[in-house]
file run18.csv (CSV, C-alpha atoms)
chain,number,residue,atom,x,y,z
T,161,MET,CA,-9.0,-9.1,-16.6
T,162,SER,CA,-7.6,-12.6,-16.6
T,163,GLN,CA,-4.1,-11.3,-16.4
T,164,ILE,CA,-5.1,-9.2,-13.3
T,165,ARG,CA,-6.6,-12.3,-11.7
T,166,GLU,CA,-3.4,-14.2,-12.3
T,167,HIS,CA,-1.4,-11.4,-10.7
T,168,VAL,CA,-3.7,-11.6,-7.6
T,169,GLN,CA,-3.2,-15.4,-7.3
T,170,ARG,CA,0.6,-15.0,-7.5
T,171,CYS,CA,0.6,-12.5,-4.7
T,172,LYS,CA,1.7,-14.1,-1.4
T,173,SER,CA,-0.3,-11.8,0.9
T,174,PRO,CA,-3.9,-12.9,1.6
T,175,HIS,CA,-4.8,-9.4,2.5
T,176,VAL,CA,-3.7,-8.0,-0.8
T,177,ARG,CA,-5.4,-10.9,-2.6
T,178,ALA,CA,-8.7,-10.2,-0.8
T,179,ARG,CA,-8.6,-6.5,-1.5
T,180,THR,CA,-7.8,-6.8,-5.2
T,181,SER,CA,-10.2,-9.7,-5.7
T,182,LEU,CA,-12.9,-7.6,-4.2
T,183,CYS,CA,-12.2,-4.7,-6.6
T,184,ILE,CA,-12.2,-7.1,-9.5
T,185,VAL,CA,-15.5,-8.5,-8.4
T,186,LEU,CA,-16.9,-5.0,-8.1
T,187,LEU,CA,-15.7,-4.1,-11.6
T,188,SER,CA,-17.2,-7.2,-13.0
T,189,PHE,CA,-20.5,-6.8,-11.1
T,190,CYS,CA,-20.9,-3.1,-12.1
T,191,LEU,CA,-20.3,-3.6,-15.9
T,192,GLY,CA,-23.7,-2.3,-16.7
T,193,PRO,CA,-24.9,0.8,-18.5
T,194,GLY,CA,-26.3,2.4,-15.4
T,195,PHE,CA,-23.0,2.1,-13.5
T,196,LEU,CA,-20.9,3.3,-16.4
T,197,LEU,CA,-22.9,6.4,-17.2
T,198,GLU,CA,-20.7,9.4,-17.1
T,199,GLY,CA,-22.0,12.5,-15.3
T,200,GLN,CA,-22.1,15.7,-17.1
T,201,SER,CA,-20.0,18.6,-16.0
T,202,THR,CA,-20.0,22.3,-16.7
T,203,ASN,CA,-16.3,22.0,-17.4
T,204,ALA,CA,-15.1,19.4,-19.9
T,205,GLN,CA,-11.9,19.0,-18.0
T,206,ILE,CA,-13.6,17.8,-14.9
T,207,ASN,CA,-15.3,14.4,-15.3
T,208,VAL,CA,-15.7,11.9,-12.5
T,209,ASN,CA,-17.2,8.4,-12.6
T,210,TRP,CA,-17.9,6.9,-9.2
T,211,LEU,CA,-16.3,3.5,-10.2
T,212,TYR,CA,-13.2,4.4,-12.2
T,213,GLY,CA,-12.6,8.0,-11.1
T,214,SER,CA,-11.6,11.1,-13.0
T,215,PHE,CA,-11.0,11.0,-16.7
T,216,VAL,CA,-10.6,13.2,-19.8
T,217,PRO,CA,-12.7,12.1,-22.8
T,218,ARG,CA,-11.0,11.2,-26.0
T,219,ASP,CA,-12.4,14.2,-27.9
T,220,VAL,CA,-11.3,16.7,-25.2
T,221,PRO,CA,-7.8,18.1,-25.3
T,222,LEU,CA,-5.8,17.5,-22.1
T,223,GLU,CA,-5.2,20.9,-20.5
T,224,PRO,CA,-3.4,21.7,-17.2
T,225,LEU,CA,-5.7,22.2,-14.2
T,226,ASN,CA,-5.5,25.4,-12.1
T,227,ASN,CA,-5.9,25.3,-8.3
T,228,ARG,CA,-9.6,26.0,-8.5
T,229,LEU,CA,-10.3,23.1,-10.9
T,230,ARG,CA,-8.0,20.8,-8.8
T,231,TRP,CA,-10.0,21.6,-5.7
T,232,ASN,CA,-13.3,21.0,-7.6
T,233,LEU,CA,-12.0,17.7,-8.8
T,234,TYR,CA,-11.0,16.7,-5.3
T,235,ILE,CA,-14.4,17.6,-3.9
T,236,ARG,CA,-16.2,15.6,-6.5
T,237,GLN,CA,-13.9,12.6,-6.3
T,238,THR,CA,-14.0,12.5,-2.5
T,239,TYR,CA,-17.3,13.8,-1.3
T,240,THR,CA,-20.1,14.8,-3.7
T,241,THR,CA,-20.4,11.9,-6.2
T,242,PRO,CA,-23.2,9.8,-4.6
T,243,GLY,CA,-21.8,6.5,-6.0
T,244,ILE,CA,-18.6,6.9,-4.0
T,245,TYR,CA,-20.7,6.1,-0.9
T,246,VAL,CA,-22.2,3.1,-2.7
T,247,LYS,CA,-18.7,1.8,-3.4
T,248,THR,CA,-17.8,2.3,0.3
T,249,ALA,CA,-20.9,0.4,1.3
T,250,LEU,CA,-19.9,-2.5,-1.0
T,251,PHE,CA,-16.4,-2.7,0.6
T,252,THR,CA,-18.1,-2.5,4.0
T,253,ILE,CA,-20.4,-5.4,3.2
T,254,HIS,CA,-17.3,-7.5,2.3
T,255,ASP,CA,-15.8,-6.6,5.6
T,256,GLN,CA,-19.0,-7.3,7.5
T,257,VAL,CA,-19.4,-10.7,5.9
T,258,ASN,CA,-15.8,-11.7,6.6
T,259,ASN,CA,-16.0,-10.3,10.1
T,260,THR,CA,-13.0,-8.0,9.5
T,261,ILE,CA,-11.9,-6.6,12.9
T,262,PRO,CA,-14.0,-9.0,15.1
T,263,GLU,CA,-13.8,-6.5,18.0
T,264,TRP,CA,-16.3,-4.3,16.1
T,265,GLY,CA,-18.9,-7.0,16.3
T,266,GLY,CA,-21.8,-7.5,13.9
T,267,GLY,CA,-25.2,-5.9,13.4
T,268,ILE,CA,-25.9,-2.3,12.5
T,269,GLN,CA,-23.3,-1.0,15.0
T,270,GLY,CA,-20.6,-3.2,13.5
T,271,PHE,CA,-21.6,-2.2,10.0
T,272,ALA,CA,-21.6,1.5,10.8
T,273,THR,CA,-18.1,1.3,12.4
T,274,ARG,CA,-16.7,-0.6,9.4
T,275,PHE,CA,-18.3,1.9,7.0
T,276,ALA,CA,-16.8,4.9,8.9
T,277,SER,CA,-13.4,3.2,8.9
T,278,ARG,CA,-13.5,2.5,5.2
T,279,GLU,CA,-14.8,6.0,4.4
T,280,GLY,CA,-12.1,7.6,6.6
T,281,GLN,CA,-9.4,5.5,4.9
T,282,PHE,CA,-10.7,6.5,1.4
T,283,ILE,CA,-10.9,10.2,2.3
T,284,ILE,CA,-7.3,10.1,3.6
T,285,GLN,CA,-6.1,8.3,0.5
T,286,ASN,CA,-7.8,10.7,-1.9
T,287,SER,CA,-6.6,13.7,0.1
T,288,ILE,CA,-3.0,12.6,0.1
T,289,THR,CA,-3.1,11.7,-3.6
T,290,SER,CA,-4.7,15.0,-4.6
T,291,LEU,CA,-2.4,17.1,-2.4
T,292,GLY,CA,0.6,15.3,-3.8
T,293,PHE,CA,-0.4,15.9,-7.4
T,294,ALA,CA,-1.2,19.6,-6.7
T,295,SER,CA,2.1,20.2,-4.9
T,296,VAL,CA,4.2,19.2,-8.0
T,297,GLY,CA,1.6,20.2,-10.6
T,298,TRP,CA,1.3,16.8,-12.1
T,299,GLU,CA,-1.8,15.3,-13.9
T,300,PRO,CA,-4.3,13.6,-11.6
T,301,ARG,CA,-6.7,12.4,-14.3
T,302,TYR,CA,-6.8,9.5,-16.6
T,303,ASP,CA,-6.7,10.6,-20.3
T,304,ARG,CA,-8.3,8.2,-22.8
T,305,CYS,CA,-6.0,7.2,-25.5
T,306,HIS,CA,-6.1,9.0,-28.9
T,307,CYS,CA,-5.0,5.8,-30.5
T,308,ASP,CA,-7.1,3.1,-32.1
T,309,GLY,CA,-7.1,-0.7,-31.6
T,310,PHE,CA,-7.5,-2.8,-28.5
T,311,TRP,CA,-3.8,-3.5,-27.9
T,312,PRO,CA,-2.5,0.1,-28.4
T,313,ARG,CA,-5.2,1.3,-26.0
T,314,THR,CA,-4.4,-1.4,-23.5
T,315,ARG,CA,-0.7,-0.5,-23.6
T,316,HIS,CA,-1.8,3.1,-22.8
T,317,VAL,CA,-4.0,1.8,-19.9
T,318,ILE,CA,-1.0,-0.1,-18.4
T,319,ALA,CA,1.5,2.7,-19.0
T,320,ARG,CA,-0.7,5.3,-17.3
T,321,ASN,CA,-0.8,3.3,-14.2
T,322,PHE,CA,2.9,3.9,-13.8
T,323,VAL,CA,3.5,7.3,-15.4
T,324,THR,CA,1.7,10.6,-15.6
T,325,TYR,CA,2.3,14.0,-17.1
T,326,ASP,CA,3.8,17.0,-15.5
T,327,ARG,CA,2.3,20.5,-15.8
T,328,THR,CA,3.2,20.7,-19.5
T,329,GLU,CA,0.9,17.7,-20.2
T,330,LYS,CA,3.7,16.3,-22.4
T,331,SER,CA,6.6,15.2,-20.3
T,332,LEU,CA,6.2,12.0,-18.3
T,333,ARG,CA,6.7,11.6,-14.6
T,334,PRO,CA,6.5,8.5,-12.3
T,335,GLN,CA,2.9,7.9,-11.2
T,336,ILE,CA,3.7,7.8,-7.5
T,337,MET,CA,0.9,9.8,-5.9
T,338,PRO,CA,-1.8,7.1,-5.9
T,339,TYR,CA,0.6,4.6,-4.4
T,340,LEU,CA,1.6,7.1,-1.7
T,341,GLY,CA,-2.0,7.9,-1.0
T,342,ALA,CA,-2.9,4.2,-0.6
T,343,PHE,CA,0.1,3.6,1.6
T,344,VAL,CA,-0.6,6.6,3.9
T,345,GLY,CA,-4.3,5.9,4.0
T,346,SER,CA,-3.7,2.3,5.0
T,347,VAL,CA,-1.2,3.2,7.6
T,348,ILE,CA,-3.3,5.9,9.3
T,349,SER,CA,-6.4,3.7,9.3
T,350,THR,CA,-4.6,1.2,11.4
T,351,THR,CA,-4.4,3.7,14.3
T,352,TRP,CA,-8.1,3.4,15.0
T,353,LYS,CA,-8.3,-0.4,14.5
T,354,PRO,CA,-8.1,-2.5,17.7
T,355,GLY,CA,-5.9,-5.5,18.0
T,356,ASN,CA,-2.3,-6.2,16.9
T,357,VAL,CA,-2.5,-4.5,13.5
T,358,ARG,CA,0.8,-4.4,11.6
T,359,LEU,CA,1.1,-0.7,10.6
T,360,TRP,CA,3.8,-0.9,8.0
T,361,THR,CA,2.5,-4.2,6.6
T,362,GLU,CA,-0.9,-2.6,6.1
T,363,GLY,CA,0.7,0.3,4.3
T,364,TYR,CA,2.7,-2.0,2.0
T,365,GLN,CA,-0.4,-4.1,1.2
T,366,GLY,CA,-2.4,-1.0,0.4
T,367,ALA,CA,0.3,0.3,-2.0
T,368,VAL,CA,0.8,-3.0,-3.7
T,369,SER,CA,-2.9,-3.4,-4.3
T,370,GLN,CA,-2.8,-0.3,-6.4
T,371,VAL,CA,-1.0,-2.1,-9.2
T,372,PRO,CA,-3.9,-4.5,-10.3
T,373,VAL,CA,-6.6,-2.1,-9.1
T,374,GLY,CA,-5.2,0.8,-11.0
T,375,ILE,CA,-4.8,-1.2,-14.2
T,376,ALA,CA,-8.4,-2.5,-13.8
T,377,THR,CA,-9.9,0.9,-13.2
T,378,ASN,CA,-7.9,2.4,-16.1
T,379,MET,CA,-9.1,-0.4,-18.4
T,380,LEU,CA,-12.7,0.2,-17.4
T,381,GLY,CA,-12.3,4.0,-17.9
T,382,GLU,CA,-10.7,3.5,-21.3
T,383,PHE,CA,-13.3,1.1,-22.7
T,384,ALA,CA,-16.4,2.3,-20.8
T,385,PRO,CA,-18.0,3.9,-23.9
T,386,GLU,CA,-17.7,0.7,-25.9
T,387,ILE,CA,-18.9,-1.5,-23.0
T,388,THR,CA,-21.9,0.8,-22.5
T,389,ARG,CA,-22.9,0.7,-26.2
T,390,LEU,CA,-22.5,-3.1,-26.3
T,391,LEU,CA,-24.6,-3.7,-23.2
T,392,ARG,CA,-27.3,-1.3,-24.4
T,393,LYS,CA,-27.4,-3.1,-27.7
T,394,ARG,CA,-27.8,-6.5,-26.1
T,395,LYS,CA,-30.7,-5.2,-24.0
T,396,GLN,CA,-32.6,-4.0,-27.0
T,397,PRO,CA,-35.3,-6.5,-28.2
call {"tool": "encode", "arguments": {"input": "run18.csv", "output": "structure tokens"}}
result
Amino acid sequence: MSQIREHVQRCKSPHVRARTSLCIVLLSFCLGPGFLLEGQSTNAQINVNWLYGSFVPRDVPLEPLNNRLRWNLYIRQTYTTPGIYVKTALFTIHDQVNNTIPEWGGGIQGFATRFASREGQFIIQNSITSLGFASVGWEPRYDRCHCDGFWPRTRHVIARNFVTYDRTEKSLRPQIMPYLGAFVGSVISTTWKPGNVRLWTEGYQGAVSQVPVGIATNMLGEFAPEITRLLRKRKQP
């Protein structure tokens, strides 16, 4: 986590620093058993946590997803996991406090407008990312490492932010879809924002923020079971 903070500080763009810093704060704030609990699914290949996204448990073999499972995964990631809306609300609170887009004003109306903007951006981002993965048959989920030890698992975390598997689940491919989704989502969201919004700059900043955010969410997804057990142990009398 400290390395991610250093990366944020070195970034020249204040917008990227604000976005990534918010994500890190959210990750730190939500490190509790209740937030890290993993919802049960009727299919072991489809698991979604509201905070760190889709994942494949360590004891589950990584199998290719068919179109039906990809669709189910997209719906869960984007619409039906309740915590997703909690995450959107937290980002909206950050925007409200910092008076992002002053033209939207304050109060309930301003909050509702910012919430709708954030939710729309996230839906576009998830949709582009999922469509991109499906179009080439690549792996959209994070697979927990089958290795042992902190550093081997951490290397896996970082590597999976930049590479993924093709439809064979063995050959590696560049992990471009989340960056494409972040870029397109940021660009399109500028079309409904008032003022002199720099379209391509917003897209670039959205894509760049995926580097520290992706690593942080992968790290949390990888070590969530250990963190949960540790926190539960500390809460016991």
call {"tool": "residues_around", "arguments": {"input": "run18.csv", "residues": "stretch 317-322 of chain T", "least_positions_apart": "6", "cutoff": "12 Å", "atoms": "all atoms listed in the file", "output": "MDAnalysis selection string"}}
result
chainID T and resid 163:164 215 299:307 310:311 332:339 370:383
call {"tool": "closest_residue", "arguments": {"input": "run18.csv", "among": "T:Ala342, T:Leu391, T:Val323, T:Ile283", "to": "T:Ile244", "atoms": "all atoms listed in the file"}}
result
T:Ile283
call {"tool": "residues_around", "arguments": {"input": "run18.csv", "residues": "T:Trp352", "least_positions_apart": "4", "cutoff": "12 Å", "atoms": "all atoms listed in the file", "output": "ChimeraX atom specification"}}
result
/T:261,263-264,273-274,276-278,280-281,345-348,356-357,359
call {"tool": "atom_distance", "arguments": {"input": "run18.csv", "atom1": "atom CA of T:Ile268", "atom2": "atom CA of T:Gly366"}}
result
26.5 Å
call {"tool": "atom_distance", "arguments": {"input": "run18.csv", "atom1": "atom CA of T:Lys247", "atom2": "atom CA of T:Phe293"}}
result
23.4 Å
call {"tool": "build_atoms", "arguments": {"input": "run18.csv", "residues": "stretch 235-247 of chain T", "atoms": "N, CA and C atoms", "output": "PDB file, in the coordinates of the input"}}
result
ATOM      1  N   ILE T 235     -13.087  17.612  -4.542  1.00  0.00           N
ATOM      2  CA  ILE T 235     -14.400  17.600  -3.900  1.00  0.00           C
ATOM      3  C   ILE T 235     -15.301  16.562  -4.517  1.00  0.00           C
ATOM      4  N   ARG T 236     -15.337  16.549  -5.838  1.00  0.00           N
ATOM      5  CA  ARG T 236     -16.200  15.600  -6.500  1.00  0.00           C
ATOM      6  C   ARG T 236     -15.734  14.177  -6.353  1.00  0.00           C
ATOM      7  N   GLN T 237     -14.418  13.951  -6.429  1.00  0.00           N
ATOM      8  CA  GLN T 237     -13.900  12.600  -6.300  1.00  0.00           C
ATOM      9  C   GLN T 237     -14.112  12.035  -4.874  1.00  0.00           C
ATOM     10  N   THR T 238     -14.101  12.906  -3.885  1.00  0.00           N
ATOM     11  CA  THR T 238     -14.000  12.500  -2.500  1.00  0.00           C
ATOM     12  C   THR T 238     -15.354  12.557  -1.747  1.00  0.00           C
ATOM     13  N   TYR T 239     -16.184  13.541  -2.098  1.00  0.00           N
ATOM     14  CA  TYR T 239     -17.300  13.800  -1.300  1.00  0.00           C
ATOM     15  C   TYR T 239     -18.697  13.863  -1.974  1.00  0.00           C
ATOM     16  N   THR T 240     -18.769  14.465  -3.143  1.00  0.00           N
ATOM     17  CA  THR T 240     -20.100  14.800  -3.700  1.00  0.00           C
ATOM     18  C   THR T 240     -20.606  13.901  -4.778  1.00  0.00           C
ATOM     19  N   THR T 241     -19.842  12.920  -5.217  1.00  0.00           N
ATOM     20  CA  THR T 241     -20.400  11.900  -6.200  1.00  0.00           C
ATOM     21  C   THR T 241     -21.068  10.846  -5.389  1.00  0.00           C
ATOM     22  N   PRO T 242     -22.401  10.724  -5.500  1.00  0.00           N
ATOM     23  CA  PRO T 242     -23.200   9.800  -4.600  1.00  0.00           C
ATOM     24  C   PRO T 242     -22.648   8.359  -4.717  1.00  0.00           C
ATOM     25  N   GLY T 243     -22.234   7.921  -5.907  1.00  0.00           N
ATOM     26  CA  GLY T 243     -21.800   6.500  -6.000  1.00  0.00           C
ATOM     27  C   GLY T 243     -20.594   6.182  -5.226  1.00  0.00           C
ATOM     28  N   ILE T 244     -19.812   7.185  -4.816  1.00  0.00           N
ATOM     29  CA  ILE T 244     -18.600   6.900  -4.000  1.00  0.00           C
ATOM     30  C   ILE T 244     -19.071   6.233  -2.691  1.00  0.00           C
ATOM     31  N   TYR T 245     -20.204   6.655  -2.140  1.00  0.00           N
ATOM     32  CA  TYR T 245     -20.700   6.100  -0.900  1.00  0.00           C
ATOM     33  C   TYR T 245     -21.252   4.660  -1.146  1.00  0.00           C
ATOM     34  N   VAL T 246     -21.759   4.434  -2.359  1.00  0.00           N
ATOM     35  CA  VAL T 246     -22.200   3.100  -2.700  1.00  0.00           C
ATOM     36  C   VAL T 246     -20.975   2.149  -2.743  1.00  0.00           C
ATOM     37  N   LYS T 247     -19.868   2.630  -3.322  1.00  0.00           N
ATOM     38  CA  LYS T 247     -18.700   1.800  -3.400  1.00  0.00           C
ATOM     39  C   LYS T 247     -18.139   1.538  -1.953  1.00  0.00           C
TER      40      LYS T 247
END
